[in-house]
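S.K.: Quick one: the structure is below, questions incoming.
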Amino acid sequence: MEAAEAKHKSQKQDAFEGVDFYNLDDLLTEEHILIRNSIRDFVKKEISPNIENWCQDAYFPYEIVKKFGDVGAFGPQIPENYGGGGLDYISYGLIMQEIERGDSGMRSTASVQGSLVMYPIYKFGSEDQRNKYLPKLASGEMLGCFGLTEPDHGSNPSGMVTNFKDMGDHYLLNGAKMWISNSPKADIAVVWAKNEEGRIHGLIVERGMEGFTTPETHNKWSLRASCTGELVFNDVKVPKENLLPGKSGLGAPLMCLDSARYGIAWGALGAAMDCYDSARRYSLEREQFGKPIGGFQLIQKKLSEMLTEITKAQLLTHRLGQLMNEGKASTAQISLAKRNNVNMALEIAREARQIHGGMGITGEYPIMRHMMNLESVITYEGTHDIHLLILGQEITGLQAFK
C-alpha cells in the first residue's frame with residue numbers, strides 16, 4: 001500500500017491562495033471562510049500531490065471516499081440528524097469549488113453523493129430510508145450513484161425505457177443506464193424508472209441484488225480519476241420498501257439535477273481559478289526575449305480577461321447561493337449559472353494552455369487535465385445547448401426542445 005501511494009505522489013507544491021479581486025470574502029461569514037479553508041487544505045494534502053498520476057493511470061482512489069466523509073464533503077446541505085453538515089448552500093458551493101480546483105472528477109464523486117443520492121433520499125425518501133442510508137453515505141461508509149441517463153435517452157430523460165412491474169411482494173426492474181459516475185464502486189443506486197402506467201419513480205437498488213451489474217466504462221480521455229460505468233438491470237427484484245414515496249414524475253430527478261448543477265456552477269469556478277493561478281505564476285517565471293512573458297501585452301490581456309470572467313462568475317454564484325438559501329432559485333437561474341461558469345472555465349483553460357506553451361500539455365501543470373475534464377462537465381447534467389434552450393423557454397414561454 002505504501003509503495004502504491006508513493007507511486008502516485010508528486011513533488012510539485014500546491015501553492016494556491018485564492019482568487020478574490022472584488023473582496024468577495026467580505027460577503028462570507030467566518031464559518032464560510034473556515035469551511036472553505038479547511039477543504040482547501042484537504043485538497044492540498046490529499047488530492048493535489050496525487051491527482052496527475054491518478055489521471056495518467058486512470059485510477060480512481062477509492063480510499064478518498066472515506067476521507068471525503070471525514071472532512072464533511074458528502075451532503076453538507078443535509079441536516080445533521082441524518083449525518084449531513086446542516087450547512088447553507090453557499091457553504092456547499094464553496095466546498096464544491098475547492099474540490100474541483102483539485103479535480104473535476106473528484107468533485108463529481110462528491111456532488112453525485114451529496115446532490116444526486118443523499119438529496120433524493122432526504123427529499124423524497126421515507127424516514128426509514130433516511131435513517132438507513134443517509135448516515136452511511138455522509139460518512140463515506142457507503143458510496144452511491146444516480147441512474148437517469150440511458151444509452152438512447154440523455155437530454156430527453158422522459159423517453160426512458162427502464163421500467164419496473166409490481167409483482168405483489170416486490171418490484172421487477174429491467175433496463176440500463178449509461179455514463180453513471182461512481183457506478184462501478186457504488187453500494188447503492190438511486191434509479192429512475194417507469195411503472196406500468198408510464199409514471200417515473202425513484203427506487204433504491206443495492207449492490208448484490210441478483211441481476212444488477214455495473215460494468216465500468218474504460219478508455220476515457222476525461223474525468224480519468226473518477227469511475228464511470230453503466231447500471232444494468234436484468235429482472236432485478238427490488239423490495240417495495242425501496243421505492244422513494246415522496247415524489248414521482250420527471251420533476252423528481254430534475255429537482256436533484258438542479259441541486260447538482262448548482263454545485264457544478266461553483267465547482268467550475270474552482271477549475272478556472274486553478275488554471276488562472278497556474279498561468280499567472282508561469283507568466284512570471286517563464287522568460288522569453290529577455291524578460292518574463294507576463295511583461296508582454298498579449299499575456300496581460302489573457303490574464304486580465306481571465307480574472308474578469310472569474311470575478312463575474314463569482315458574483316453570479318454568490319447571488320445564486322443566496323437565492324438557494326431563500327428557496328427562491330429557479331431551474332432557469334441555475335441553468336444560466338451552470339452554462340456560463342463551465343463555458344467560462346473551459347475558455348480559461350484553453351487560454352491558460354496557450355500561456356504555458358508546450359508545458360501546458362504535460363502533467364507538470366494542471367491545465368490539460370482541467371481542459372479535458374471540463375469537456376465532460378460542459379456536457380453532463382444538461383448539455384451547454386440544452387441549458388441555452390431552458391433559458392430560451394424561460395424568456396419566451398415557448399419550448400424549443402421538440
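Chain labels follow the order of the C-alpha cells: the first chain is A, the next B, and so on; residue numbering restarts at 1 in every chain, and ligands are counted from 1 in their shown order.
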When DSSP is applied to the backbone of this structure, which of range 275-360 of chain A are assigned alpha helix (DSSP H)? Write them out as a ChimeraX atom specification.

M.R.: /A:275-285,297-325,331-356

S.K.: Mind giving me the straight-line distance from CA of Glu216 in chain A to CA of Ser183 in chain A in Å, one decimal?

M.R.: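 Separation between CA of Glu216 in chain A and CA of Ser183 in chain A: 7.6 Å.
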
S.K.: Please list as a compact mmCIF listing (two decimals) with all heavy atoms, in the first residue's frame every residue within 9 Å of range 368-384 of chain A, counting only C-alpha atoms and excluding residues in the same chain fewer than 5 positions away.

M.R.:
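Final output, saved to out_2.txt:
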```txt
# COMPACT_ATOMS: atom_id res chain seq x y z
N GLU A 52 -2.32 14.13 -10.65
CA GLU A 52 -1.79 13.97 -12.00
C GLU A 52 -1.53 12.50 -12.32
O GLU A 52 -1.85 12.01 -13.42
CB GLU A 52 -0.51 14.80 -12.19
CG GLU A 52 -0.67 16.29 -11.96
CD GLU A 52 -1.66 16.96 -12.91
OE1 GLU A 52 -1.99 16.37 -13.97
OE2 GLU A 52 -2.12 18.07 -12.57
N CYS A 55 -4.78 10.48 -12.73
CA CYS A 55 -5.37 10.67 -14.06
C CYS A 55 -4.56 9.95 -15.14
O CYS A 55 -5.14 9.33 -16.04
CB CYS A 55 -5.48 12.16 -14.37
SG CYS A 55 -6.81 12.96 -13.46
N ARG A 101 -11.25 22.59 -7.82
CA ARG A 101 -9.94 23.16 -8.08
C ARG A 101 -8.90 22.04 -8.07
O ARG A 101 -7.95 22.05 -8.86
CB ARG A 101 -9.57 24.22 -7.03
CG ARG A 101 -8.30 24.97 -7.40
CD ARG A 101 -7.77 25.81 -6.25
NE ARG A 101 -7.26 25.03 -5.15
CZ ARG A 101 -6.06 24.44 -5.14
NH1 ARG A 101 -5.27 24.53 -6.18
NH2 ARG A 101 -5.67 23.75 -4.08
N ASP A 103 -9.76 18.75 -8.78
CA ASP A 103 -10.06 17.96 -9.97
C ASP A 103 -11.57 17.81 -10.13
O ASP A 103 -12.28 17.57 -9.16
CB ASP A 103 -9.43 16.57 -9.87
CG ASP A 103 -9.59 15.76 -11.15
OD1 ASP A 103 -8.92 16.10 -12.14
OD2 ASP A 103 -10.40 14.82 -11.16
N SER A 104 -12.04 17.93 -11.38
CA SER A 104 -13.47 17.79 -11.65
C SER A 104 -13.98 16.39 -11.34
O SER A 104 -15.13 16.21 -10.91
CB SER A 104 -13.77 18.10 -13.12
OG SER A 104 -13.37 19.40 -13.47
N GLY A 105 -13.16 15.37 -11.56
CA GLY A 105 -13.57 14.01 -11.26
C GLY A 105 -13.79 13.79 -9.78
O GLY A 105 -14.72 13.10 -9.36
N SER A 108 -16.99 15.42 -8.96
CA SER A 108 -18.10 14.59 -9.43
C SER A 108 -18.44 13.53 -8.40
O SER A 108 -19.62 13.29 -8.10
CB SER A 108 -17.74 13.91 -10.76
OG SER A 108 -17.57 14.87 -11.79
N GLY A 154 -30.61 10.76 -23.31
CA GLY A 154 -29.77 11.63 -22.50
C GLY A 154 -30.48 12.92 -22.19
O GLY A 154 -31.04 13.13 -21.12
N SER A 155 -30.51 13.83 -23.19
CA SER A 155 -31.19 15.11 -23.00
C SER A 155 -32.71 14.95 -22.94
O SER A 155 -33.42 15.88 -22.55
CB SER A 155 -30.82 16.07 -24.13
OG SER A 155 -29.44 16.38 -24.09
N TRP A 179 -23.25 6.18 -18.55
CA TRP A 179 -22.49 7.37 -18.14
C TRP A 179 -22.77 7.71 -16.68
O TRP A 179 -23.05 8.86 -16.34
CB TRP A 179 -22.80 8.57 -19.04
CG TRP A 179 -22.59 8.33 -20.49
CD1 TRP A 179 -23.52 8.43 -21.48
CD2 TRP A 179 -21.36 7.97 -21.14
NE1 TRP A 179 -22.96 8.13 -22.70
CE2 TRP A 179 -21.63 7.83 -22.53
CE3 TRP A 179 -20.07 7.72 -20.68
CZ2 TRP A 179 -20.66 7.48 -23.45
CZ3 TRP A 179 -19.09 7.36 -21.60
CH2 TRP A 179 -19.40 7.25 -22.96
N TRP A 221 -10.93 9.91 -22.04
CA TRP A 221 -9.93 10.98 -22.09
C TRP A 221 -10.22 12.06 -21.05
O TRP A 221 -9.48 13.02 -20.91
CB TRP A 221 -9.91 11.63 -23.47
CG TRP A 221 -9.29 10.78 -24.54
CD1 TRP A 221 -9.95 10.11 -25.53
CD2 TRP A 221 -7.90 10.50 -24.74
NE1 TRP A 221 -9.06 9.43 -26.33
CE2 TRP A 221 -7.80 9.65 -25.86
CE3 TRP A 221 -6.74 10.88 -24.06
CZ2 TRP A 221 -6.57 9.19 -26.33
CZ3 TRP A 221 -5.53 10.42 -24.53
CH2 TRP A 221 -5.44 9.59 -25.65
N SER A 222 -11.32 11.91 -20.33
CA SER A 222 -11.80 12.95 -19.42
C SER A 222 -12.24 12.30 -18.12
O SER A 222 -12.63 11.13 -18.10
CB SER A 222 -12.97 13.68 -20.09
OG SER A 222 -13.47 14.73 -19.31
N LEU A 223 -12.16 13.06 -17.00
CA LEU A 223 -12.57 12.55 -15.68
C LEU A 223 -11.90 11.21 -15.40
O LEU A 223 -12.53 10.26 -14.93
CB LEU A 223 -14.09 12.42 -15.59
CG LEU A 223 -14.91 13.69 -15.81
CD1 LEU A 223 -16.40 13.38 -15.70
CD2 LEU A 223 -14.54 14.79 -14.84
N ARG A 224 -10.61 11.14 -15.67
CA ARG A 224 -9.91 9.86 -15.60
C ARG A 224 -9.68 9.37 -14.16
O ARG A 224 -9.45 8.18 -13.95
CB ARG A 224 -8.59 9.95 -16.36
CG ARG A 224 -8.80 10.01 -17.87
CD ARG A 224 -7.51 10.29 -18.62
NE ARG A 224 -6.48 9.31 -18.40
CZ ARG A 224 -6.38 8.12 -19.01
NH1 ARG A 224 -7.29 7.77 -19.91
NH2 ARG A 224 -5.37 7.30 -18.75
N LEU A 257 -31.18 17.22 -10.08
CA LEU A 257 -30.22 17.81 -11.02
C LEU A 257 -30.03 19.30 -10.78
O LEU A 257 -28.94 19.83 -10.96
CB LEU A 257 -30.66 17.54 -12.46
CG LEU A 257 -30.49 16.10 -12.94
CD1 LEU A 257 -31.14 15.91 -14.31
CD2 LEU A 257 -29.01 15.71 -13.00
N ASP A 258 -31.09 19.99 -10.36
CA ASP A 258 -30.94 21.41 -10.01
C ASP A 258 -29.91 21.58 -8.90
O ASP A 258 -29.04 22.46 -8.95
CB ASP A 258 -32.28 22.00 -9.56
CG ASP A 258 -33.13 22.49 -10.72
OD1 ASP A 258 -32.62 22.54 -11.86
OD2 ASP A 258 -34.31 22.82 -10.49
N ALA A 260 -27.49 19.50 -8.09
CA ALA A 260 -26.15 19.14 -8.59
C ALA A 260 -25.59 20.21 -9.52
O ALA A 260 -24.41 20.54 -9.47
CB ALA A 260 -26.21 17.80 -9.30
N ARG A 261 -26.45 20.77 -10.38
CA ARG A 261 -25.99 21.81 -11.32
C ARG A 261 -25.55 23.05 -10.57
O ARG A 261 -24.62 23.75 -10.99
CB ARG A 261 -27.12 22.16 -12.30
CG ARG A 261 -27.43 21.06 -13.30
CD ARG A 261 -28.79 21.27 -13.95
NE ARG A 261 -29.06 20.27 -14.97
CZ ARG A 261 -30.25 20.08 -15.53
NH1 ARG A 261 -31.30 20.82 -15.14
NH2 ARG A 261 -30.41 19.15 -16.47
N ILE A 264 -22.12 22.38 -9.55
CA ILE A 264 -21.22 22.44 -10.70
C ILE A 264 -20.85 23.90 -11.01
O ILE A 264 -19.71 24.19 -11.36
CB ILE A 264 -21.86 21.78 -11.93
CG1 ILE A 264 -21.94 20.27 -11.73
CG2 ILE A 264 -21.07 22.10 -13.21
CD1 ILE A 264 -22.76 19.56 -12.79
N ALA A 268 -16.95 24.61 -11.23
CA ALA A 268 -16.25 25.09 -12.42
C ALA A 268 -15.40 26.32 -12.11
O ALA A 268 -14.33 26.51 -12.70
CB ALA A 268 -17.26 25.41 -13.52
N ALA A 271 -12.01 25.10 -10.99
CA ALA A 271 -11.14 24.71 -12.10
C ALA A 271 -10.58 25.94 -12.80
O ALA A 271 -9.39 25.99 -13.14
CB ALA A 271 -11.91 23.82 -13.08
N ALA A 272 -11.44 26.94 -13.02
CA ALA A 272 -11.00 28.18 -13.68
C ALA A 272 -9.94 28.89 -12.84
O ALA A 272 -8.93 29.38 -13.37
CB ALA A 272 -12.19 29.10 -13.91
N ASP A 274 -7.85 27.60 -10.73
CA ASP A 274 -6.61 26.85 -10.75
C ASP A 274 -5.83 27.11 -12.04
O ASP A 274 -4.61 27.29 -12.02
CB ASP A 274 -6.89 25.35 -10.60
CG ASP A 274 -5.69 24.59 -10.04
OD1 ASP A 274 -5.08 25.07 -9.07
OD2 ASP A 274 -5.37 23.52 -10.57
N CYS A 275 -6.55 27.15 -13.16
CA CYS A 275 -5.90 27.42 -14.44
C CYS A 275 -5.34 28.84 -14.47
O CYS A 275 -4.21 29.08 -14.92
CB CYS A 275 -6.89 27.22 -15.59
SG CYS A 275 -7.36 25.50 -15.86
N SER A 335 -29.59 26.97 -14.45
CA SER A 335 -29.09 26.65 -15.78
C SER A 335 -28.16 27.74 -16.30
O SER A 335 -27.11 27.45 -16.88
CB SER A 335 -30.25 26.47 -16.77
OG SER A 335 -30.88 25.22 -16.58
N LYS A 338 -24.79 27.38 -14.42
CA LYS A 338 -24.04 26.18 -14.83
C LYS A 338 -23.46 26.40 -16.22
O LYS A 338 -22.28 26.15 -16.46
CB LYS A 338 -24.97 24.96 -14.80
CG LYS A 338 -24.25 23.61 -14.94
CD LYS A 338 -24.13 23.10 -16.36
CE LYS A 338 -23.53 21.70 -16.41
NZ LYS A 338 -23.32 21.18 -17.77
N ARG A 339 -24.28 26.86 -17.15
CA ARG A 339 -23.85 27.04 -18.53
C ARG A 339 -22.74 28.09 -18.62
O ARG A 339 -21.70 27.87 -19.25
CB ARG A 339 -25.04 27.47 -19.39
CG ARG A 339 -24.69 27.67 -20.85
CD ARG A 339 -25.94 28.05 -21.66
NE ARG A 339 -25.58 28.15 -23.06
CZ ARG A 339 -25.09 29.24 -23.64
NH1 ARG A 339 -24.88 30.32 -22.92
NH2 ARG A 339 -24.80 29.24 -24.93
N ASN A 340 -22.93 29.23 -17.98
CA ASN A 340 -21.95 30.31 -18.04
C ASN A 340 -20.62 29.90 -17.43
O ASN A 340 -19.55 30.10 -18.01
CB ASN A 340 -22.48 31.55 -17.33
CG ASN A 340 -21.46 32.68 -17.31
OD1 ASN A 340 -21.32 33.42 -18.28
ND2 ASN A 340 -20.74 32.83 -16.21
N VAL A 342 -19.26 26.92 -16.58
CA VAL A 342 -18.48 25.82 -17.17
C VAL A 342 -17.85 26.29 -18.48
O VAL A 342 -16.67 26.01 -18.75
CB VAL A 342 -19.35 24.58 -17.39
CG1 VAL A 342 -18.52 23.47 -18.03
CG2 VAL A 342 -19.95 24.08 -16.08
N ASN A 343 -18.61 27.02 -19.29
CA ASN A 343 -18.04 27.53 -20.54
C ASN A 343 -16.90 28.50 -20.25
O ASN A 343 -15.85 28.46 -20.91
CB ASN A 343 -19.13 28.24 -21.35
CG ASN A 343 -18.64 28.63 -22.72
OD1 ASN A 343 -18.33 27.77 -23.56
ND2 ASN A 343 -18.58 29.93 -22.99
N ALA A 345 -14.94 28.48 -17.61
CA ALA A 345 -13.79 27.71 -17.14
C ALA A 345 -13.07 27.03 -18.30
O ALA A 345 -11.83 26.98 -18.34
CB ALA A 345 -14.24 26.67 -16.12
N LEU A 346 -13.83 26.52 -19.25
CA LEU A 346 -13.21 25.85 -20.40
C LEU A 346 -12.43 26.83 -21.26
O LEU A 346 -11.31 26.53 -21.71
CB LEU A 346 -14.31 25.16 -21.22
CG LEU A 346 -13.88 24.16 -22.30
CD1 LEU A 346 -12.89 23.14 -21.77
CD2 LEU A 346 -15.11 23.47 -22.88
N GLU A 347 -12.97 28.01 -21.45
CA GLU A 347 -12.25 29.03 -22.22
C GLU A 347 -10.98 29.48 -21.50
O GLU A 347 -9.93 29.70 -22.12
CB GLU A 347 -13.17 30.25 -22.48
CG GLU A 347 -14.31 29.98 -23.44
CD GLU A 347 -13.83 29.57 -24.82
OE1 GLU A 347 -12.81 30.12 -25.30
OE2 GLU A 347 -14.45 28.67 -25.42
N ILE A 348 -11.05 29.60 -20.18
CA ILE A 348 -9.87 29.96 -19.40
C ILE A 348 -8.81 28.86 -19.47
O ILE A 348 -7.62 29.14 -19.60
CB ILE A 348 -10.26 30.29 -17.95
CG1 ILE A 348 -10.91 31.69 -17.91
CG2 ILE A 348 -9.05 30.23 -17.00
CD1 ILE A 348 -11.41 32.11 -16.55
N ALA A 349 -9.25 27.62 -19.41
CA ALA A 349 -8.30 26.50 -19.54
C ALA A 349 -7.57 26.58 -20.89
O ALA A 349 -6.35 26.36 -20.96
CB ALA A 349 -9.02 25.17 -19.40
N ARG A 350 -8.29 26.89 -21.94
CA ARG A 350 -7.68 26.96 -23.28
C ARG A 350 -6.69 28.12 -23.37
O ARG A 350 -5.60 27.98 -23.94
CB ARG A 350 -8.78 27.08 -24.33
CG ARG A 350 -9.57 25.78 -24.51
CD ARG A 350 -10.81 25.96 -25.35
NE ARG A 350 -11.50 24.68 -25.51
CZ ARG A 350 -12.79 24.55 -25.79
NH1 ARG A 350 -13.55 25.62 -25.92
NH2 ARG A 350 -13.33 23.35 -25.93
N ARG A 353 -3.61 27.29 -21.35
CA ARG A 353 -2.76 26.35 -22.09
C ARG A 353 -1.85 27.11 -23.05
O ARG A 353 -0.65 26.81 -23.17
CB ARG A 353 -3.64 25.36 -22.86
CG ARG A 353 -3.09 23.95 -22.96
CD ARG A 353 -1.87 23.83 -23.81
NE ARG A 353 -2.12 24.26 -25.17
CZ ARG A 353 -1.18 24.69 -26.00
NH1 ARG A 353 0.08 24.77 -25.61
NH2 ARG A 353 -1.48 25.07 -27.22
N GLY A 360 2.10 23.33 -21.21
CA GLY A 360 0.67 23.23 -20.88
C GLY A 360 0.05 21.90 -21.20
O GLY A 360 -1.03 21.58 -20.69
N ILE A 361 0.71 21.10 -22.06
CA ILE A 361 0.12 19.79 -22.37
C ILE A 361 0.66 18.69 -21.47
O ILE A 361 0.24 17.53 -21.59
CB ILE A 361 0.35 19.40 -23.85
CG1 ILE A 361 1.83 19.07 -24.12
CG2 ILE A 361 -0.15 20.50 -24.79
CD1 ILE A 361 2.06 18.34 -25.42
N THR A 362 1.57 19.01 -20.57
CA THR A 362 2.17 18.00 -19.71
C THR A 362 1.49 17.96 -18.35
O THR A 362 0.79 18.89 -17.95
CB THR A 362 3.67 18.28 -19.49
OG1 THR A 362 3.80 19.42 -18.60
CG2 THR A 362 4.39 18.57 -20.80
N GLY A 363 1.75 16.87 -17.63
CA GLY A 363 1.24 16.73 -16.27
C GLY A 363 1.99 17.54 -15.24
O GLY A 363 1.66 17.49 -14.06
```

S.K.: For Tyr82 in chain A, list every protein, DNA or RNA residue within 9 Å, evaluated using only C-alpha atoms, and leave out those in the same chain fewer than 4 positions away; present the list as a list in words.

M.R.: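 These residues fall inside the cut-off: Ile78, Tyr122, Arg130, Asn131, Tyr133, Leu134, Pro135 and Ala138 of chain A.
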